[in-house]
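A.B. asks: So here's protein_35.cif (mmCIF, C-alpha atoms).
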data_run
#
loop_
_atom_site.label_atom_id
_atom_site.label_comp_id
_atom_site.auth_asym_id
_atom_site.auth_seq_id
_atom_site.Cartn_x
_atom_site.Cartn_y
_atom_site.Cartn_z
CA MET A 1 5.78 -16.15 59.21
CA MET A 2 4.29 -19.26 57.73
CA ARG A 3 3.41 -19.72 54.09
CA TYR A 4 0.37 -21.55 52.75
CA LYS A 5 -0.21 -24.35 50.28
CA ARG A 6 -3.06 -26.32 48.82
CA LEU A 7 -3.82 -29.67 50.40
CA GLY A 8 -3.12 -32.02 47.49
CA ARG A 9 -5.17 -31.07 44.46
CA THR A 10 -8.03 -29.63 46.51
CA GLY A 11 -8.69 -25.93 46.89
CA LEU A 12 -8.25 -26.17 50.67
CA ARG A 13 -5.55 -23.80 51.89
CA VAL A 14 -3.45 -24.90 54.85
CA SER A 15 -0.31 -23.62 56.51
CA GLU A 16 2.96 -25.33 55.63
CA ALA A 17 3.19 -26.78 59.14
CA ALA A 18 0.32 -28.30 61.12
CA LEU A 19 0.05 -28.10 64.89
CA GLY A 20 -0.25 -31.45 66.62
CA THR A 21 -2.48 -31.30 69.70
CA MET A 22 -2.08 -34.83 71.02
CA ASN A 23 -0.53 -33.43 74.21
CA PHE A 24 -3.43 -31.00 74.84
CA VAL A 25 -4.74 -33.41 77.42
CA ASN A 26 -4.43 -32.11 81.01
CA SER A 27 -2.59 -35.32 81.94
CA ASP A 28 0.71 -36.17 83.60
CA TRP A 29 2.51 -36.50 80.24
CA GLY A 30 0.69 -33.70 78.41
CA ILE A 31 0.20 -30.00 79.09
CA ASP A 32 -2.65 -28.29 80.86
CA SER A 33 -5.26 -26.07 79.24
CA ALA A 34 -3.45 -22.80 80.01
CA GLN A 35 -0.19 -24.02 78.48
CA SER A 36 -2.06 -25.58 75.56
CA ARG A 37 -3.70 -22.23 74.85
CA LYS A 38 -0.32 -20.50 74.82
CA VAL A 39 1.05 -23.03 72.33
CA LEU A 40 -1.95 -22.65 70.01
CA ASP A 41 -1.88 -18.86 70.24
CA SER A 42 1.83 -18.83 69.40
CA TYR A 43 1.23 -21.10 66.42
CA ALA A 44 -1.60 -18.86 65.19
CA SER A 45 0.58 -15.77 65.65
CA ALA A 46 3.14 -17.35 63.33
CA GLY A 47 0.44 -17.76 60.69
CA GLY A 48 -0.53 -21.36 61.45
CA VAL A 49 -4.09 -22.48 60.73
CA PHE A 50 -3.91 -26.30 60.38
CA LEU A 51 -4.79 -28.15 63.61
CA ASP A 52 -4.50 -31.92 64.04
CA THR A 53 -6.40 -33.78 66.76
CA ALA A 54 -8.23 -37.08 67.34
CA PRO A 55 -10.84 -38.61 69.68
CA ILE A 56 -8.27 -41.06 71.05
CA TYR A 57 -6.15 -38.25 72.46
CA SER A 58 -6.99 -38.53 76.18
CA ALA A 59 -10.52 -39.72 75.47
CA GLY A 60 -11.46 -36.59 73.55
CA GLU A 61 -9.85 -33.99 75.84
CA SER A 62 -7.68 -32.70 72.98
CA GLU A 63 -10.76 -32.15 70.80
CA ARG A 64 -12.55 -30.38 73.66
CA LEU A 65 -9.65 -27.99 74.25
CA VAL A 66 -9.18 -27.27 70.55
CA GLY A 67 -12.89 -26.58 70.15
CA ASP A 68 -12.91 -24.22 73.11
CA PHE A 69 -9.80 -22.33 71.96
CA ILE A 70 -10.98 -21.63 68.40
CA LYS A 71 -14.75 -21.22 68.75
CA SER A 72 -14.52 -17.41 68.70
CA ASP A 73 -12.85 -17.53 65.25
CA ARG A 74 -13.72 -20.99 63.92
CA ASP A 75 -13.52 -20.09 60.24
CA HIS A 76 -9.87 -19.05 60.56
CA PHE A 77 -8.72 -22.61 61.28
CA VAL A 78 -8.64 -25.91 59.40
CA VAL A 79 -9.46 -28.66 61.89
CA ALA A 80 -8.45 -32.24 61.15
CA THR A 81 -9.63 -35.09 63.33
CA LYS A 82 -9.92 -38.85 62.98
CA TYR A 83 -12.01 -41.92 63.75
CA GLY A 84 -11.64 -45.66 64.10
CA VAL A 85 -9.56 -46.46 67.18
CA SER A 86 -10.06 -46.38 70.95
CA HIS A 87 -8.04 -47.21 74.05
CA ALA A 88 -10.86 -48.53 76.17
CA ASP A 89 -14.30 -47.96 74.63
CA GLY A 90 -14.72 -51.59 73.59
CA ILE A 91 -15.31 -53.39 70.32
CA MET A 92 -18.56 -51.56 69.54
CA LYS A 93 -16.90 -48.14 69.58
CA SER A 94 -13.93 -48.80 67.32
CA GLY A 95 -13.15 -49.94 63.79
CA ALA A 96 -13.73 -48.43 60.36
CA SER A 97 -17.40 -49.32 59.77
CA ARG A 98 -20.08 -46.92 58.57
CA ARG A 99 -21.76 -47.16 61.97
CA GLU A 100 -18.59 -46.23 63.82
CA MET A 101 -17.66 -43.41 61.45
CA ILE A 102 -21.04 -41.71 61.87
CA ARG A 103 -21.06 -42.24 65.66
CA SER A 104 -17.52 -40.91 66.00
CA VAL A 105 -18.14 -37.86 63.82
CA GLU A 106 -21.22 -36.88 65.82
CA ALA A 107 -19.24 -37.16 69.06
CA SER A 108 -16.32 -35.15 67.63
CA LEU A 109 -18.64 -32.37 66.46
CA LYS A 110 -19.97 -32.00 69.99
CA ARG A 111 -16.52 -31.95 71.59
CA LEU A 112 -15.18 -29.49 68.99
CA GLU A 113 -18.27 -27.29 69.37
CA THR A 114 -18.60 -26.95 65.62
CA ASP A 115 -21.01 -27.88 62.85
CA ARG A 116 -18.40 -29.42 60.53
CA ILE A 117 -15.04 -31.18 60.45
CA ASP A 118 -12.70 -29.72 57.83
CA LEU A 119 -10.65 -32.89 57.31
CA LEU A 120 -11.61 -36.36 58.55
CA TYR A 121 -9.08 -39.22 58.57
CA LEU A 122 -9.52 -42.92 59.09
CA HIS A 123 -6.91 -43.12 61.86
CA TRP A 124 -5.54 -46.62 61.14
CA TRP A 125 -6.45 -49.06 58.39
CA ASP A 126 -8.94 -51.69 59.60
CA GLU A 127 -8.66 -54.83 57.47
CA THR A 128 -12.01 -56.09 58.78
CA CYS A 129 -13.91 -53.36 56.92
CA GLY A 130 -14.01 -52.94 53.15
CA ILE A 131 -12.60 -49.75 51.70
CA ASP A 132 -15.78 -49.34 49.62
CA GLU A 133 -17.79 -48.98 52.84
CA VAL A 134 -15.35 -46.37 54.12
CA MET A 135 -15.38 -44.33 50.92
CA ARG A 136 -19.17 -44.42 50.51
CA THR A 137 -19.68 -43.26 54.10
CA PHE A 138 -17.06 -40.53 53.64
CA ASP A 139 -19.07 -39.35 50.64
CA ASP A 140 -22.36 -39.36 52.54
CA LEU A 141 -20.86 -37.27 55.35
CA VAL A 142 -19.40 -34.76 52.90
CA ARG A 143 -22.75 -34.45 51.12
CA SER A 144 -24.42 -33.89 54.50
CA GLY A 145 -22.06 -30.96 55.20
CA LYS A 146 -20.73 -32.45 58.43
CA VAL A 147 -17.34 -33.21 56.84
CA GLN A 148 -15.56 -31.10 54.22
CA TYR A 149 -12.62 -33.28 53.08
CA VAL A 150 -11.58 -36.89 53.72
CA ALA A 151 -8.27 -38.71 54.06
CA LEU A 152 -6.58 -41.94 55.16
CA SER A 153 -3.92 -42.23 57.85
CA ASN A 154 -1.53 -45.14 58.45
CA THR A 155 -2.93 -47.09 55.49
CA PRO A 156 -1.01 -49.21 52.93
CA ALA A 157 -0.40 -47.56 49.57
CA TRP A 158 -2.37 -50.17 47.62
CA ILE A 159 -5.43 -49.58 49.80
CA VAL A 160 -5.17 -45.81 49.28
CA SER A 161 -4.86 -46.30 45.52
CA ARG A 162 -7.90 -48.57 45.45
CA ALA A 163 -9.87 -46.08 47.55
CA GLN A 164 -9.11 -43.25 45.15
CA THR A 165 -10.06 -45.39 42.16
CA LEU A 166 -13.40 -46.25 43.80
CA ALA A 167 -14.04 -42.57 44.41
CA GLU A 168 -13.25 -41.62 40.84
CA THR A 169 -15.29 -44.39 39.24
CA GLY A 170 -18.19 -44.18 41.69
CA ASP A 171 -18.53 -40.39 41.63
CA TRP A 172 -17.77 -40.29 45.36
CA THR A 173 -15.77 -37.69 47.25
CA PRO A 174 -12.08 -38.30 46.48
CA LEU A 175 -9.36 -38.43 49.10
CA ALA A 176 -7.61 -35.16 49.81
CA ALA A 177 -4.56 -36.48 51.66
CA ILE A 178 -2.75 -39.23 53.47
CA GLN A 179 -1.08 -39.08 56.87
CA VAL A 180 2.00 -41.20 57.51
CA GLU A 181 5.06 -41.36 59.75
CA PHE A 182 8.08 -39.71 58.13
CA ASN A 183 11.32 -38.44 59.65
CA LEU A 184 15.05 -38.72 59.14
CA ALA A 185 15.11 -41.88 61.24
CA GLN A 186 12.14 -43.42 59.40
CA ARG A 187 12.08 -42.81 55.65
CA ALA A 188 10.16 -45.93 54.62
CA ALA A 189 7.30 -43.76 53.31
CA GLU A 190 9.56 -42.88 50.37
CA ARG A 191 9.18 -46.43 49.03
CA ASP A 192 5.51 -46.32 48.04
CA LEU A 193 3.33 -43.95 50.06
CA LEU A 194 4.89 -40.61 49.16
CA PRO A 195 5.42 -41.45 45.47
CA MET A 196 1.81 -42.67 45.30
CA ALA A 197 0.54 -39.47 46.94
CA ARG A 198 2.44 -37.33 44.44
CA GLU A 199 1.14 -39.36 41.50
CA LEU A 200 -2.48 -39.23 42.72
CA GLY A 201 -2.37 -35.57 43.72
CA LEU A 202 -2.85 -36.25 47.43
CA GLY A 203 -1.50 -34.07 50.20
CA SER A 204 1.12 -35.73 52.40
CA VAL A 205 0.72 -34.83 56.07
CA VAL A 206 3.43 -36.46 58.17
CA TRP A 207 3.46 -37.29 61.86
CA GLY A 208 6.48 -37.89 64.07
CA PRO A 209 8.80 -35.59 62.08
CA LEU A 210 11.19 -35.54 65.07
CA ALA A 211 10.93 -39.30 65.72
CA GLY A 212 9.10 -38.79 68.98
CA GLY A 213 11.68 -36.29 70.16
CA LEU A 214 14.72 -38.47 69.44
CA LEU A 215 15.97 -36.02 66.81
CA ALA A 216 15.27 -33.02 69.03
CA ARG A 217 17.38 -34.24 71.95
CA PRO A 218 15.40 -32.41 74.65
CA GLU A 219 15.92 -32.96 78.34
CA GLY A 220 12.59 -34.77 78.22
CA GLY A 221 10.45 -36.69 80.66
CA PRO A 222 9.59 -40.38 81.06
CA ARG A 223 7.98 -40.64 77.62
CA GLN A 224 11.01 -39.18 75.86
CA LYS A 225 13.46 -41.32 77.83
CA ARG A 226 11.46 -44.41 76.92
CA ARG A 227 11.57 -43.48 73.24
CA ASP A 228 15.32 -42.89 73.40
CA ALA A 229 15.84 -46.27 75.07
CA GLN A 230 13.86 -48.01 72.32
CA ALA A 231 15.75 -46.31 69.49
CA THR A 232 17.79 -48.49 67.18
CA PRO A 233 21.55 -47.94 66.82
CA GLU A 234 20.86 -46.57 63.32
CA ALA A 235 18.38 -44.03 64.70
CA ARG A 236 20.85 -42.92 67.36
CA ARG A 237 23.53 -42.51 64.69
CA ILE A 238 21.19 -40.31 62.65
CA ALA A 239 20.43 -38.25 65.77
CA ASP A 240 24.18 -37.77 66.28
CA VAL A 241 24.57 -36.42 62.73
CA VAL A 242 21.63 -34.06 63.28
CA GLY A 243 23.23 -32.87 66.51
CA GLU A 244 26.59 -32.23 64.84
CA LEU A 245 25.02 -30.20 62.04
CA ALA A 246 22.90 -28.28 64.53
CA GLU A 247 26.05 -27.24 66.37
CA LYS A 248 27.59 -26.18 63.07
CA HIS A 249 24.62 -23.93 62.27
CA ARG A 250 24.10 -22.89 65.90
CA VAL A 251 20.46 -23.93 65.87
CA ALA A 252 18.39 -26.38 67.86
CA PRO A 253 18.56 -30.02 66.67
CA ALA A 254 14.78 -29.98 66.19
CA SER A 255 15.02 -27.10 63.71
CA LEU A 256 17.86 -28.83 61.86
CA ALA A 257 16.00 -32.14 61.67
CA LEU A 258 12.85 -30.50 60.30
CA ALA A 259 14.76 -28.43 57.75
CA GLY A 260 16.64 -31.55 56.67
CA LEU A 261 13.44 -33.54 56.28
CA LEU A 262 12.12 -30.99 53.79
CA ARG A 263 15.28 -31.49 51.70
CA MET A 264 14.73 -35.22 51.29
CA PRO A 265 13.48 -36.47 47.87
CA PHE A 266 9.78 -35.91 48.72
CA GLY A 267 10.33 -33.15 51.25
CA ASN A 268 8.63 -30.48 49.16
CA ASP A 269 5.42 -32.50 49.24
CA VAL A 270 5.04 -32.93 52.98
CA ILE A 271 3.28 -30.95 55.68
CA PRO A 272 4.87 -31.86 59.03
CA ILE A 273 2.76 -32.02 62.18
CA ILE A 274 4.72 -30.07 64.79
CA GLY A 275 4.05 -30.63 68.48
CA ALA A 276 5.31 -28.67 71.47
CA SER A 277 5.01 -28.71 75.25
CA SER A 278 5.57 -24.96 75.59
CA ARG A 279 5.37 -21.77 73.58
CA GLU A 280 9.15 -21.50 73.64
CA GLN A 281 9.58 -25.00 72.26
CA LEU A 282 7.14 -24.30 69.46
CA VAL A 283 8.99 -21.12 68.47
CA THR A 284 12.25 -23.07 68.42
CA ASN A 285 10.77 -25.85 66.31
CA LEU A 286 9.33 -23.40 63.77
CA GLU A 287 12.74 -21.85 63.18
CA TYR A 288 13.23 -24.57 60.56
CA LEU A 289 11.04 -22.51 58.22
CA GLU A 290 13.86 -19.97 57.83
CA LEU A 291 16.84 -22.35 58.00
CA ALA A 292 18.71 -22.79 54.71
CA LEU A 293 20.91 -25.87 54.62
CA GLU A 294 23.96 -26.23 52.42
CA ASP A 295 23.98 -29.01 49.83
CA GLU A 296 26.82 -30.67 51.74
CA ASP A 297 24.63 -30.79 54.86
CA VAL A 298 21.79 -32.38 52.91
CA ARG A 299 24.10 -35.03 51.49
CA SER A 300 25.30 -35.86 55.00
CA LEU A 301 21.73 -36.27 56.22
CA GLN A 302 20.72 -38.35 53.21
CA GLU A 303 23.72 -40.64 53.61
CA ALA A 304 23.14 -41.08 57.34
CA SER A 305 19.42 -41.75 57.00
CA LYS A 306 19.25 -43.81 53.81
CA SER A 307 17.71 -47.26 54.00
CA ALA A 308 17.04 -50.16 51.68
CA ARG A 309 13.97 -49.46 49.58
CA GLY A 310 13.02 -53.12 49.39
CA VAL A 311 11.42 -55.23 46.67
CA PRO A 312 11.16 -54.35 43.82
CA HIS A 313 12.60 -50.85 44.22
CA ASP A 314 16.24 -51.77 44.85
CA MET A 315 16.23 -54.08 41.84
CA LEU A 316 14.60 -51.51 39.56
CA ALA A 317 17.20 -48.92 40.56
CA SER A 318 20.17 -51.21 39.86
CA PRO A 319 22.48 -50.31 36.93
CA THR A 320 21.85 -53.72 35.36
CA ILE A 321 18.08 -53.30 35.18
CA ARG A 322 18.35 -49.63 34.18
CA ASN A 323 20.53 -50.67 31.24
CA LEU A 324 18.16 -53.50 30.25
CA LEU A 325 15.31 -50.98 30.13
CA VAL A 326 17.17 -49.01 27.44
CA GLY A 327 18.09 -52.08 25.42
CA GLY A 328 21.70 -52.24 26.57
CA SER A 329 22.45 -48.83 25.04
CA GLY A 330 23.87 -47.38 28.24
CA GLN A 331 21.66 -44.32 27.88
CA SER A 332 20.35 -42.62 31.01
CA LEU A 333 16.70 -41.66 30.94
CA THR A 334 14.72 -39.91 33.65
CA PRO A 335 10.94 -40.01 34.17
#
Could you render the structure from this file as structure tokens?

C.D. replies:
Amino acid sequence: MMRYKRLGRTGLRVSEAALGTMNFVNSDWGIDSAQSRKVLDSYASAGGVFLDTAPIYSAGESERLVGDFIKSDRDHFVVATKYGVSHADGIMKSGASRREMIRSVEASLKRLETDRIDLLYLHWWDETCGIDEVMRTFDDLVRSGKVQYVALSNTPAWIVSRAQTLAETGDWTPLAAIQVEFNLAQRAAERDLLPMARELGLGSVVWGPLAGGLLARPEGGPRQKRRDAQATPEARRIADVVGELAEKHRVAPASLALAGLLRMPFGNDVIPIIGASSREQLVTNLEYLELALEDEDVRSLQEASKSARGVPHDMLASPTIRNLLVGGSGQSLTP
């Protein structure tokens, strides 16, 4: 059974794993409504309450299915959706502007068959719109009751920091969370985004925790095979280590990869978005919640998945600079 945690420093309670509904789309690469319902019901039976969707997921079909599935018990679930991007709606129905946010929220409310969105993300940062416009419109929607909490997804750390400062100084609704890609094959979020979120008290919701299925090693369809073909040699090497440890523990690679992710330096902070194409796959993925890894396993995963932290982090972590910061005394200080 799933445990619960606060989303950042808010009082909003969410389950420790979110359910991704991007494949609730009745399309050739997704799953139909009957199978989608089984996945959601299985997630709810395990104690899950945190649902992640977006208007871009099959032109709103994911939102429509989620809304239909939960309308009989709406208050039991925390629904997160997004705004700002579109596959084919044109320039006037995309972007981060106030106009687009309000239009998108109204459309999402109708598809979800609800009177409020629990958590609204800007889906991707739009450099053509000022963050002050985004934050002020977020605040207006929260005050109207149509949105409960707000967040930024796929946005640079300095933009998120500026947004939170504007909220604090302008008496606007503060951010509750960020959403960012994070998995054993992609740990770049550890450079700035996850440390920033911890410092600012933001929740860290992470997408792609299995690297698009690469770390799960399923039989897969065209989409999975395409992702595997695009994987870097480093990513494939990490997947091999995950597979070896999964065999050792006699668990599915997906469970091992998720359990390992939570043992990375910022693993305790993150809420992974777990997707599944069947009830059985979801149950297998959620087995990570009960999987205890040995310290030796964690070290193997950290060594296999480590990457350069970049400027200025690598320099600041060097023994030379660490010693200069303590006046050449050789002392070791921790934050």

A.B. asks: Between atom CA of His249 of chain A and atom CA of Ser45 of chain A, what is the distance in Å, rounded to a tenth?

C.D. replies: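 Atom-to-atom, atom CA of His249 of chain A to atom CA of Ser45 of chain A, that is 25.6 Å.
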
A.B. asks: Expand the PyMOL selection byres ((chain A and resi 81) around 10) into the individual residues it matches in the shown file, reporting them as a ChimeraX atom specification.

C.D. replies: /A:51-56,63,79-80,82-83,105,108-109,112,117-123,150

A.B. asks: Could you pull the residues within 6 Å of segment 17-21 of chain A, counting all atoms listed in the file, minus those fewer than 2 positions along the same chain, as a PyMOL selection string?

C.D. replies: chain A and resi 15+23-24+50-53+271-275

A.B. asks: Choose the residue, out of A:Ile178, A:Val78, A:Ala308, A:Met22, that has the smallest atom-to-atom separation from Ala276 of chain A; count only C-alpha atoms.

C.D. replies: A:Met22

A.B. asks: Smallest atom-to-atom distance to Gly8 of chain A: which of A:Leu261, A:Ala292, A:Ala197, A:Val134, using only C-alpha atoms?

C.D. replies: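 Smallest separation from Gly8 of chain A among the options: A:Ala197.
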
A.B. asks: Between A:Arg136, A:Arg103, A:His87, A:Arg198, which has the minimum distance to Trp172 of chain A (counting only C-alpha atoms)?

C.D. replies: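 Closest to Trp172 of chain A of all the choices is A:Arg136.
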
A.B. asks: Taking only residues of segment 29-139 of chain A that have an atom at most 12 Å from an atom of segment 164-169 of chain A, what is each one's shortest atom pair and its distance in Å to one decimal, using only C-alpha atoms, in chain and number order, as a Markdown table?

C.D. replies:
| residue | atom | partner | partner_atom | distance |
| --- | --- | --- | --- | --- |
| A:Gly130 | CA | A:Leu166 | CA | 11.5 |
| A:Ile131 | CA | A:Leu166 | CA | 8.7 |
| A:Asp132 | CA | A:Leu166 | CA | 7.0 |
| A:Glu133 | CA | A:Leu166 | CA | 10.4 |
| A:Val134 | CA | A:Leu166 | CA | 10.5 |
| A:Met135 | CA | A:Ala167 | CA | 6.9 |
| A:Arg136 | CA | A:Ala167 | CA | 8.2 |
| A:Thr137 | CA | A:Ala167 | CA | 11.2 |
| A:Phe138 | CA | A:Ala167 | CA | 9.9 |
| A:Asp139 | CA | A:Ala167 | CA | 8.6 |

A.B. asks: I need the residues from that last selection saved to file as a PDB file, in the frame of the given file (with C-alpha atoms), if you can.

C.D. replies:
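As a result, out33.pdb now contains:
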ATOM      1  CA  GLY A 130     -14.010 -52.940  53.150  1.00  0.00           C
ATOM      2  CA  ILE A 131     -12.600 -49.750  51.700  1.00  0.00           C
ATOM      3  CA  ASP A 132     -15.780 -49.340  49.620  1.00  0.00           C
ATOM      4  CA  GLU A 133     -17.790 -48.980  52.840  1.00  0.00           C
ATOM      5  CA  VAL A 134     -15.350 -46.370  54.120  1.00  0.00           C
ATOM      6  CA  MET A 135     -15.380 -44.330  50.920  1.00  0.00           C
ATOM      7  CA  ARG A 136     -19.170 -44.420  50.510  1.00  0.00           C
ATOM      8  CA  THR A 137     -19.680 -43.260  54.100  1.00  0.00           C
ATOM      9  CA  PHE A 138     -17.060 -40.530  53.640  1.00  0.00           C
ATOM     10  CA  ASP A 139     -19.070 -39.350  50.640  1.00  0.00           C
TER      11      ASP A 139
END

A.B. asks: As an exercise, work out the distance from atom CA of Ser58 of chain A to atom CA of Val25 of chain A in Å and give it to one decimal place.

C.D. replies: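 Separation between atom CA of Ser58 of chain A and atom CA of Val25 of chain A: 5.7 Å.
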
A.B. asks: Which is closer to Pro156 of chain A than all the others in A:Val251, A:Cys129, A:Leu193, A:Ile91, using only C-alpha atoms?

C.D. replies: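 For Pro156 of chain A, the nearest of the given residues is A:Leu193.
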
A.B. asks: Let me make sure I understand: among A:Ala211, A:Ala304, A:Val85, A:Ala96, which one has the smallest atom-to-atom distance to Leu245 of chain A if we use all atoms listed in the file?

C.D. replies: A:Ala304

A.B. asks: From the options A:Ser72, A:Ser161, A:Ser97, A:Thr114, which residue's atoms come nearest to Gly145 of chain A, counting all atoms listed in the file?

C.D. replies: A:Thr114

A.B. asks: Quick one: apply the PyMOL selection byres ((chain A and resi 307) around 8) to the file and drop the selected residues here as a PyMOL selection string.

C.D. replies: chain A and resi 187-188+305-306+308-309

A.B. asks: Starting from the PyMOL selection byres ((chain A and resi 3) around 12), expand the selection into actual residues of this file and give them as a ChimeraX atom specification.

C.D. replies: /A:1-2,4-6,13-18,46-50,271,286,289-290

A.B. asks: Suppose we keep C-alpha atoms; can you now write the selection as a short mmCIF file (atom, residue, chain, number, x, y, z; two decimals), in the frame of the given file?

C.D. replies:
data_model
loop_
_atom_site.label_atom_id
_atom_site.label_comp_id
_atom_site.auth_asym_id
_atom_site.auth_seq_id
_atom_site.Cartn_x
_atom_site.Cartn_y
_atom_site.Cartn_z
CA MET A 1 5.78 -16.15 59.21
CA MET A 2 4.29 -19.26 57.73
CA TYR A 4 0.37 -21.55 52.75
CA LYS A 5 -0.21 -24.35 50.28
CA ARG A 6 -3.06 -26.32 48.82
CA ARG A 13 -5.55 -23.80 51.89
CA VAL A 14 -3.45 -24.90 54.85
CA SER A 15 -0.31 -23.62 56.51
CA GLU A 16 2.96 -25.33 55.63
CA ALA A 17 3.19 -26.78 59.14
CA ALA A 18 0.32 -28.30 61.12
CA ALA A 46 3.14 -17.35 63.33
CA GLY A 47 0.44 -17.76 60.69
CA GLY A 48 -0.53 -21.36 61.45
CA VAL A 49 -4.09 -22.48 60.73
CA PHE A 50 -3.91 -26.30 60.38
CA ILE A 271 3.28 -30.95 55.68
CA LEU A 286 9.33 -23.40 63.77
CA LEU A 289 11.04 -22.51 58.22
CA GLU A 290 13.86 -19.97 57.83
#

A.B. asks: Rounded to one decimal, what separation in Å do you get between atom CA of Arg143 of chain A and atom CA of Pro174 of chain A?

C.D. replies: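 Distance reported for this atom pair: 12.3 Å.
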
A.B. asks: Report as CSV: every residue of segment 90-201 of chain A with an atom at most 12 Å from segment 232-243 of chain A, its closest pair of atoms, and their distance in Å to one decimal, counting only C-alpha atoms, with rows sorted by chain and ascending residue number.

C.D. replies:
residue,atom,partner,partner_atom,distance
A:Asn183,CA,A:Ala235,CA,10.3
A:Leu184,CA,A:Ile238,CA,7.2
A:Ala185,CA,A:Ala235,CA,5.2
A:Gln186,CA,A:Ala235,CA,8.2
A:Arg187,CA,A:Ala235,CA,11.1

A.B. asks: Please determine an axis-aligned box that encloses all atoms of segment 311-324 of chain A listed in the file, with 4 Å added on each side, and express its centre and edge lengths in Å to one decimal as lines of an AutoDock Vina configuration file.

C.D. replies:
center_x = 16.8
center_y = -52.1
center_z = 38.5
size_x = 19.3
size_y = 14.3
size_z = 24.4

A.B. asks: Tell me which protein, DNA and RNA residues are within 8 Å of Val283 of chain A, counting all atoms listed in the file, leaving out same-chain ones fewer than 4 positions away, and put them as a ChimeraX atom specification.

C.D. replies: /A:42,279,287
